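So this block is input.cif, mmCIF, C-alpha atoms:
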```
data_entry
loop_
_atom_site.group_PDB
_atom_site.id
_atom_site.type_symbol
_atom_site.label_atom_id
_atom_site.label_comp_id
_atom_site.auth_asym_id
_atom_site.auth_seq_id
_atom_site.Cartn_x
_atom_site.Cartn_y
_atom_site.Cartn_z
ATOM 1 C CA MET P 1 59.620 137.988 174.882
ATOM 2 C CA LYS P 2 58.455 140.020 171.902
ATOM 3 C CA LEU P 3 59.747 138.669 168.603
ATOM 4 C CA ASP P 4 60.548 140.443 165.370
ATOM 5 C CA LEU P 5 60.132 137.290 163.285
ATOM 6 C CA LEU P 6 58.285 134.031 163.988
ATOM 7 C CA ALA P 7 58.211 130.999 161.685
ATOM 8 C CA ILE P 8 55.324 128.567 162.117
ATOM 9 C CA ALA P 9 55.539 125.101 160.551
ATOM 10 C CA PRO P 10 53.814 121.741 161.003
ATOM 11 C CA HIS P 11 56.881 119.558 161.642
ATOM 12 C CA PRO P 12 60.365 119.848 163.095
ATOM 13 C CA ASP P 13 62.781 120.422 160.154
ATOM 14 C CA ASP P 14 60.192 122.210 157.964
ATOM 15 C CA VAL P 15 61.494 125.665 158.899
ATOM 16 C CA GLU P 16 65.088 124.601 158.269
ATOM 17 C CA LEU P 17 64.194 123.292 154.820
ATOM 18 C CA THR P 18 61.963 126.144 153.676
ATOM 19 C CA CYS P 19 63.244 129.350 155.289
ATOM 20 C CA GLY P 20 66.186 128.385 157.478
ATOM 21 C CA GLY P 21 68.613 130.662 155.679
ATOM 22 C CA THR P 22 66.342 133.651 156.167
ATOM 23 C CA MET P 23 65.919 132.848 159.860
ATOM 24 C CA ILE P 24 69.708 132.726 160.217
ATOM 25 C CA LYS P 25 70.163 135.978 158.301
ATOM 26 C CA MET P 26 67.616 137.840 160.392
ATOM 27 C CA ALA P 27 69.141 136.560 163.642
ATOM 28 C CA GLN P 28 72.557 137.698 162.421
ATOM 29 C CA ALA P 29 71.052 141.118 161.702
ATOM 30 C CA GLY P 30 70.092 141.408 165.367
ATOM 31 C CA TYR P 31 66.397 140.597 165.139
ATOM 32 C CA ARG P 32 64.655 138.472 167.760
ATOM 33 C CA THR P 33 63.582 135.298 165.993
ATOM 34 C CA GLY P 34 61.601 132.235 166.985
ATOM 35 C CA ILE P 35 60.043 129.026 165.682
ATOM 36 C CA VAL P 36 56.809 127.246 166.568
ATOM 37 C CA ASP P 37 56.573 123.630 165.420
ATOM 38 C CA LEU P 38 52.970 122.499 165.528
ATOM 39 C CA THR P 39 53.644 118.753 165.888
ATOM 40 C CA GLN P 40 56.464 116.456 167.012
ATOM 41 C CA GLY P 41 56.491 114.553 163.723
ATOM 42 C CA GLU P 42 55.511 111.404 165.592
ATOM 43 C CA THR P 43 54.061 109.574 162.588
ATOM 44 C CA GLY P 44 57.325 109.814 160.661
ATOM 45 C CA THR P 45 58.972 106.574 159.573
ATOM 46 C CA ARG P 46 62.280 107.336 161.288
ATOM 47 C CA GLY P 47 63.177 108.675 164.682
ATOM 48 C CA THR P 48 61.035 109.264 167.754
ATOM 49 C CA PRO P 49 59.278 112.394 169.042
ATOM 50 C CA GLU P 50 61.909 112.700 171.760
ATOM 51 C CA THR P 51 64.721 112.469 169.223
ATOM 52 C CA ARG P 52 63.057 115.020 166.945
ATOM 53 C CA LEU P 53 62.709 117.465 169.847
ATOM 54 C CA ARG P 54 66.412 117.174 170.646
ATOM 55 C CA GLU P 55 67.322 117.602 167.003
ATOM 56 C CA ALA P 56 65.018 120.623 166.696
ATOM 57 C CA ALA P 57 66.663 122.250 169.706
ATOM 58 C CA ARG P 58 70.099 121.645 168.182
ATOM 59 C CA ALA P 59 69.008 123.064 164.826
ATOM 60 C CA GLY P 60 67.470 126.085 166.554
ATOM 61 C CA LYS P 61 70.793 126.874 168.200
ATOM 62 C CA ILE P 62 72.545 126.642 164.851
ATOM 63 C CA MET P 63 70.049 129.104 163.394
ATOM 64 C CA GLY P 64 70.362 131.442 166.357
ATOM 65 C CA VAL P 65 66.660 131.540 167.220
ATOM 66 C CA GLN P 66 65.835 132.787 170.697
ATOM 67 C CA ILE P 67 62.666 130.721 171.149
ATOM 68 C CA ARG P 68 61.595 127.351 169.821
ATOM 69 C CA ARG P 69 58.270 125.878 170.881
ATOM 70 C CA ASN P 70 56.436 122.684 170.043
ATOM 71 C CA LEU P 71 52.675 122.786 170.493
ATOM 72 C CA GLY P 72 52.301 118.987 170.458
ATOM 73 C CA LEU P 73 49.400 118.926 167.996
ATOM 74 C CA PRO P 74 48.783 115.554 166.279
ATOM 75 C CA ASP P 75 51.100 114.873 163.349
ATOM 76 C CA ALA P 76 49.332 113.973 160.071
ATOM 77 C CA HIS P 77 46.017 114.854 161.723
ATOM 78 C CA LEU P 78 46.060 118.631 161.536
ATOM 79 C CA HIS P 79 42.729 120.156 160.610
ATOM 80 C CA VAL P 80 41.149 123.552 160.970
ATOM 81 C CA CYS P 81 39.377 123.670 164.326
ATOM 82 C CA GLU P 82 38.968 126.034 167.267
ATOM 83 C CA GLU P 83 41.275 124.066 169.561
ATOM 84 C CA TYR P 84 44.262 124.246 167.225
ATOM 85 C CA LYS P 85 43.650 127.837 166.160
ATOM 86 C CA MET P 86 43.407 128.951 169.771
ATOM 87 C CA ALA P 87 46.638 127.167 170.725
ATOM 88 C CA ILE P 88 48.503 129.027 167.975
ATOM 89 C CA ALA P 89 46.699 132.325 168.624
ATOM 90 C CA GLU P 90 47.621 132.314 172.319
ATOM 91 C CA THR P 91 51.257 131.769 171.350
ATOM 92 C CA ILE P 92 50.983 134.696 168.927
ATOM 93 C CA ARG P 93 49.643 136.879 171.729
ATOM 94 C CA GLU P 94 52.458 135.831 174.011
ATOM 95 C CA LEU P 95 55.323 136.320 171.563
ATOM 96 C CA GLU P 96 53.895 139.326 169.661
ATOM 97 C CA PRO P 97 55.824 138.778 166.415
ATOM 98 C CA ARG P 98 55.853 141.635 163.934
ATOM 99 C CA THR P 99 56.321 139.281 160.978
ATOM 100 C CA VAL P 100 55.140 135.680 160.679
ATOM 101 C CA ILE P 101 56.358 133.131 158.140
ATOM 102 C CA LEU P 102 53.826 130.421 157.244
ATOM 103 C CA PRO P 103 54.063 127.405 154.933
ATOM 104 C CA TYR P 104 52.901 127.935 151.363
ATOM 105 C CA TRP P 105 49.173 127.254 151.048
ATOM 106 C CA GLU P 106 49.622 124.367 148.610
ATOM 107 C CA GLY P 107 51.700 121.231 149.094
ATOM 108 C CA ARG P 108 52.019 117.462 149.006
ATOM 109 C CA HIS P 109 51.573 116.931 152.744
ATOM 110 C CA PRO P 110 48.113 117.912 154.062
ATOM 111 C CA ASP P 111 49.691 119.214 157.279
ATOM 112 C CA HIS P 112 51.537 121.884 155.301
ATOM 113 C CA TYR P 113 48.587 123.562 153.617
ATOM 114 C CA THR P 114 46.481 123.059 156.735
ATOM 115 C CA ALA P 115 49.167 124.804 158.802
ATOM 116 C CA ALA P 116 48.985 127.759 156.406
ATOM 117 C CA ILE P 117 45.256 128.123 157.078
ATOM 118 C CA LEU P 118 45.585 127.529 160.815
ATOM 119 C CA GLY P 119 48.419 130.044 161.074
ATOM 120 C CA TYR P 120 46.582 132.756 159.158
ATOM 121 C CA GLU P 121 43.336 132.358 161.063
ATOM 122 C CA ALA P 122 45.217 132.211 164.381
ATOM 123 C CA CYS P 123 46.990 135.482 163.548
ATOM 124 C CA PHE P 124 43.607 137.051 162.839
ATOM 125 C CA ILE P 125 41.731 135.900 165.941
ATOM 126 C CA ALA P 126 44.730 136.778 168.127
ATOM 127 C CA GLY P 127 43.893 140.394 167.377
ATOM 128 C CA LEU P 128 40.251 140.173 168.451
ATOM 129 C CA LYS P 129 39.979 141.730 171.891
ATOM 130 C CA ASN P 130 36.818 139.899 172.897
ATOM 131 C CA TYR P 131 37.816 136.475 171.559
ATOM 132 C CA SER P 132 38.047 133.852 174.311
ATOM 133 C CA LEU P 133 41.835 133.659 174.502
ATOM 134 C CA SER P 134 44.376 134.227 177.239
ATOM 135 C CA GLY P 135 46.680 137.227 176.894
ATOM 136 C CA GLU P 136 46.279 140.692 175.430
ATOM 137 C CA ALA P 137 44.953 141.097 171.907
ATOM 138 C CA PHE P 138 47.751 141.276 169.320
ATOM 139 C CA ARG P 139 47.908 140.826 165.561
ATOM 140 C CA PRO P 140 51.127 140.524 163.504
ATOM 141 C CA PHE P 141 51.823 143.307 161.019
ATOM 142 C CA LYS P 142 53.038 141.083 158.184
ATOM 143 C CA ILE P 143 52.410 137.506 157.072
ATOM 144 C CA ILE P 144 54.634 135.963 154.404
ATOM 145 C CA TYR P 145 54.594 132.468 152.941
ATOM 146 C CA ALA P 146 57.683 130.341 152.307
ATOM 147 C CA ALA P 147 57.712 129.474 148.599
ATOM 148 C CA ALA P 148 59.556 126.186 149.001
ATOM 149 C CA TYR P 149 58.624 124.715 145.637
ATOM 150 C CA HIS P 150 60.486 125.423 142.412
ATOM 151 C CA SER P 151 57.168 125.805 140.557
ATOM 152 C CA VAL P 152 56.108 128.758 142.737
ATOM 153 C CA VAL P 153 57.036 132.223 141.479
ATOM 154 C CA PRO P 154 58.014 134.203 144.593
ATOM 155 C CA THR P 155 56.923 137.751 145.301
ATOM 156 C CA PHE P 156 60.429 138.421 146.586
ATOM 157 C CA ALA P 157 63.562 136.475 147.469
ATOM 158 C CA VAL P 158 66.151 136.732 150.239
ATOM 159 C CA ASP P 159 69.826 136.247 149.420
ATOM 160 C CA ILE P 160 71.074 133.433 151.696
ATOM 161 C CA THR P 161 74.387 132.760 149.968
ATOM 162 C CA ARG P 162 76.398 133.576 153.084
ATOM 163 C CA GLN P 163 73.968 131.642 155.271
ATOM 164 C CA TYR P 164 73.792 128.574 153.043
ATOM 165 C CA GLU P 165 76.381 126.426 154.844
ATOM 166 C CA ARG P 166 74.857 127.140 158.250
ATOM 167 C CA ARG P 167 71.399 126.358 156.892
ATOM 168 C CA LYS P 168 72.753 123.019 155.647
ATOM 169 C CA ARG P 169 74.147 122.282 159.123
ATOM 170 C CA ALA P 170 70.745 123.046 160.636
ATOM 171 C CA ILE P 171 69.008 120.707 158.197
ATOM 172 C CA LEU P 172 71.466 117.893 158.806
ATOM 173 C CA ALA P 173 71.013 118.284 162.565
ATOM 174 C CA TYR P 174 68.067 115.935 162.006
ATOM 175 C CA GLN P 175 70.298 112.877 161.812
ATOM 176 C CA SER P 176 67.452 110.496 162.564
ATOM 177 C CA GLN P 177 65.750 111.568 159.344
ATOM 178 C CA PHE P 178 68.763 111.444 157.057
ATOM 179 C CA ARG P 179 70.535 108.339 158.351
ATOM 180 C CA ALA P 180 69.007 104.869 158.256
ATOM 181 C CA PRO P 181 68.950 102.957 161.569
ATOM 182 C CA LYS P 182 71.734 100.382 161.974
ATOM 183 C CA ASN P 183 69.216 97.541 162.072
ATOM 184 C CA GLU P 184 67.582 98.634 158.835
ATOM 185 C CA LYS P 185 68.581 96.166 156.130
ATOM 186 C CA LYS P 186 69.980 97.770 153.017
ATOM 187 C CA SER P 187 67.790 95.592 150.815
ATOM 188 C CA LYS P 188 64.725 96.832 152.639
ATOM 189 C CA LYS P 189 65.803 100.434 153.082
ATOM 190 C CA VAL P 190 62.842 102.736 153.478
ATOM 191 C CA VAL P 191 63.067 105.421 150.825
ATOM 192 C CA LEU P 192 61.791 108.724 152.143
ATOM 193 C CA PRO P 193 61.344 112.027 150.324
ATOM 194 C CA LEU P 194 63.395 113.556 153.150
ATOM 195 C CA ASP P 195 66.423 111.523 152.022
ATOM 196 C CA GLU P 196 66.739 113.832 149.048
ATOM 197 C CA LEU P 197 65.050 116.946 150.402
ATOM 198 C CA GLU P 198 68.263 118.738 151.338
ATOM 199 C CA GLU P 199 69.517 118.303 147.780
ATOM 200 C CA ARG P 200 66.187 119.375 146.345
ATOM 201 C CA MET P 201 66.057 122.451 148.557
ATOM 202 C CA THR P 202 69.579 123.349 147.426
ATOM 203 C CA LEU P 203 68.419 123.183 143.818
ATOM 204 C CA THR P 204 65.410 125.349 144.685
ATOM 205 C CA ALA P 205 67.649 127.842 146.505
ATOM 206 C CA GLY P 206 69.891 127.955 143.453
ATOM 207 C CA SER P 207 66.905 128.537 141.186
ATOM 208 C CA TYR P 208 65.589 131.392 143.316
ATOM 209 C CA GLY P 209 69.136 132.734 143.581
ATOM 210 C CA ARG P 210 69.438 132.984 139.810
ATOM 211 C CA MET P 211 66.226 135.005 139.749
ATOM 212 C CA ILE P 212 67.900 137.757 141.783
ATOM 213 C CA GLY P 213 71.468 137.364 140.586
ATOM 214 C CA VAL P 214 72.969 135.554 143.600
ATOM 215 C CA LYS P 215 74.053 131.959 144.256
ATOM 216 C CA TYR P 216 71.381 130.947 146.776
ATOM 217 C CA ALA P 217 68.094 132.527 147.836
ATOM 218 C CA GLU P 218 64.846 131.647 149.566
ATOM 219 C CA GLY P 219 61.598 132.772 147.974
ATOM 220 C CA PHE P 220 58.521 134.143 149.682
ATOM 221 C CA VAL P 221 55.005 135.005 148.607
ATOM 222 C CA THR P 222 52.743 137.752 149.897
ATOM 223 C CA LYS P 223 49.046 138.083 149.171
ATOM 224 C CA GLU P 224 49.252 141.870 149.148
ATOM 225 C CA ILE P 225 51.273 144.193 146.922
ATOM 226 C CA LEU P 226 54.605 145.241 148.386
ATOM 227 C CA ARG P 227 55.248 148.950 148.778
ATOM 228 C CA VAL P 228 58.392 150.496 147.285
ATOM 229 C CA ASP P 229 59.231 154.120 148.078
ATOM 230 C CA ASP P 230 62.509 154.452 146.188
ATOM 231 C CA VAL P 231 62.492 153.071 142.644
ATOM 232 C CA VAL P 232 65.979 154.426 141.929
ATOM 233 C CA THR P 233 67.825 152.113 144.353
ATOM 234 C CA MET P 234 65.806 148.935 143.705
ATOM 235 C CA PRO P 235 68.101 145.865 143.502
ATOM 236 C CA VAL P 236 68.233 143.114 140.818
ATOM 237 C CA ARG P 237 69.127 144.111 137.284
ATOM 238 C CA SER P 238 66.431 144.092 134.624
ATOM 239 C CA MET P 239 68.862 143.297 131.793
#
```
Would you give me this structure, written as structure tokens?
Amino acid sequence: MKLDLLAIAPHPDDVELTCGGTMIKMAQAGYRTGIVDLTQGETGTRGTPETRLREAARAGKIMGVQIRRNLGLPDAHLHVCEEYKMAIAETIRELEPRTVILPYWEGRHPDHYTAAILGYEACFIAGLKNYSLSGEAFRPFKIIYAAAYHSVVPTFAVDITRQYERRKRAILAYQSQFRAPKNEKKSKKVVLPLDELEERMTLTAGSYGRMIGVKYAEGFVTKEILRVDDVVTMPVRSM
């Protein structure tokens, strides 16, 4: 299946948290969308790989994606190497996405910024006809980066106000990550950044929303200048 939009992220739930509203909006617009999770999140404190896979499938249905893959690369051990690049590149050749969303190239978790490099280089080598990969050579037209941090100034933002509640449902589909196990003593509760991530991402969505005059938005960064052909109908008021 050829996709219009493919999001690539290191862990299950990363897409939901960083660009889930945009994925929902594009699916609602009739585009063919998909997600590739690079790892199963097996080093996470809560849940199991099997549980995360089930939760990812449930979240994918909520977002309306047509394809969700997990490449089974090692969680917390991602690094730039031929094996990993080729695994992603062969998926790119198979799915032929026009636009690819990658994680922002800076971040707290090494897997995130490593996934940005792996994804970019995989998109490039996928287009090399004589590179030792299965499938026909193909290179995406556009690569954009999810600006999931409030300190990042986005190149552009997507209004997800109408998609916000569904995005929240997709995020909370990962019950194993947001709910402590029954046998976990309250006094020894493991405090994870993910416990507050949904709230933080809501604040970030609100911040990006204010930048474009809407309630909630997701920001994205491009490394190239965007082309505008009609400056008369450009949205977002200047004053």
| 7 Å contact set for Gly47 of chain P, all atoms listed in the file, chain neighbours under 5 positions out, as a list in words | Arg52, Ser176 and Gln177 of chain P
| said: Distance cut-off 10 Å, centre (40.9, 128.0, 169.4) in file coordinates, counting all atoms listed in the file: which residues qualify? Return them as a PyMOL selection string. | reply: chain P and resi 80-90+118+121-122+125-126+131-133
| query | Which value, in Å to one decimal, gives the distance between atom CA of Ala7 of chain P and atom CA of Val36 of chain P? | reply | 6.3 Å
| message | Could you check which residues have any atom within 10 Å of (56.0, 118.2, 162.3), counting all atoms listed in the file with coordinates taken straight from the file, and then list them as a ChimeraX atom specification? | response | /P:9-15,37-44,49,52,70-76,78,111-112
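Taking atom CA of Ala115 of chain P as the reference point, atom CA of Asp4 of chain P is found at 20.4 Å.
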| query | So, counting all atoms listed in the file, which residue among P:Arg46, P:Lys2, P:Arg166, P:His79 is closest to Ala59 of chain P? | reply | P:Arg166
| task | Starting from the displayed file, determine the output of the PyMOL selection byres ((chain P and resi 221) around 6) and express the residue list as a PyMOL selection string. | result | chain P and resi 144-145+154-155+220+222
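Here atom CA of Thr48 of chain P is placed at a distance of 20.1 Å from atom CA of Lys61 of chain P.
When all atoms listed in the file are used to measure the gap to Pro235 of chain P, the shortest distance among P:Val158, P:Leu197, P:Ile62, P:Leu17 belongs to P:Val158.
For the set P:Tyr31, P:Tyr208, P:Tyr164, P:Tyr120, the residue with the smallest atom-to-atom gap to Ile143 of chain P is P:Tyr120, counting only C-alpha atoms.
Closest approach to Met211 of chain P among P:Ile24, P:Ile117, P:Ala157, P:Leu226: P:Ala157, based on all atoms listed in the file.
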| request: Given the file shown, determine the residues that the PyMOL selection byres ((chain P and resi 205) around 10) selects; report them as a PyMOL selection string. | output: chain P and resi 18-19+21+148-150+157-161+164+199-204+206-211+214-219
Mind working out the centre and edge lengths of an axis-aligned box for segment 25-43 of chain P, all listed atoms inside, 5 Å added to each side, rounded to one decimal in Å and written as JSON?
```
{"center_x": 62.8, "center_y": 125.5, "center_z": 163.0, "size_x": 29.6, "size_y": 41.8, "size_z": 19.5}
```
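Using only C-alpha atoms, the nearest neighbour of Arg139 of chain P within the list P:Tyr113, P:Glu96, P:Gly107, P:Arg167 is P:Glu96.
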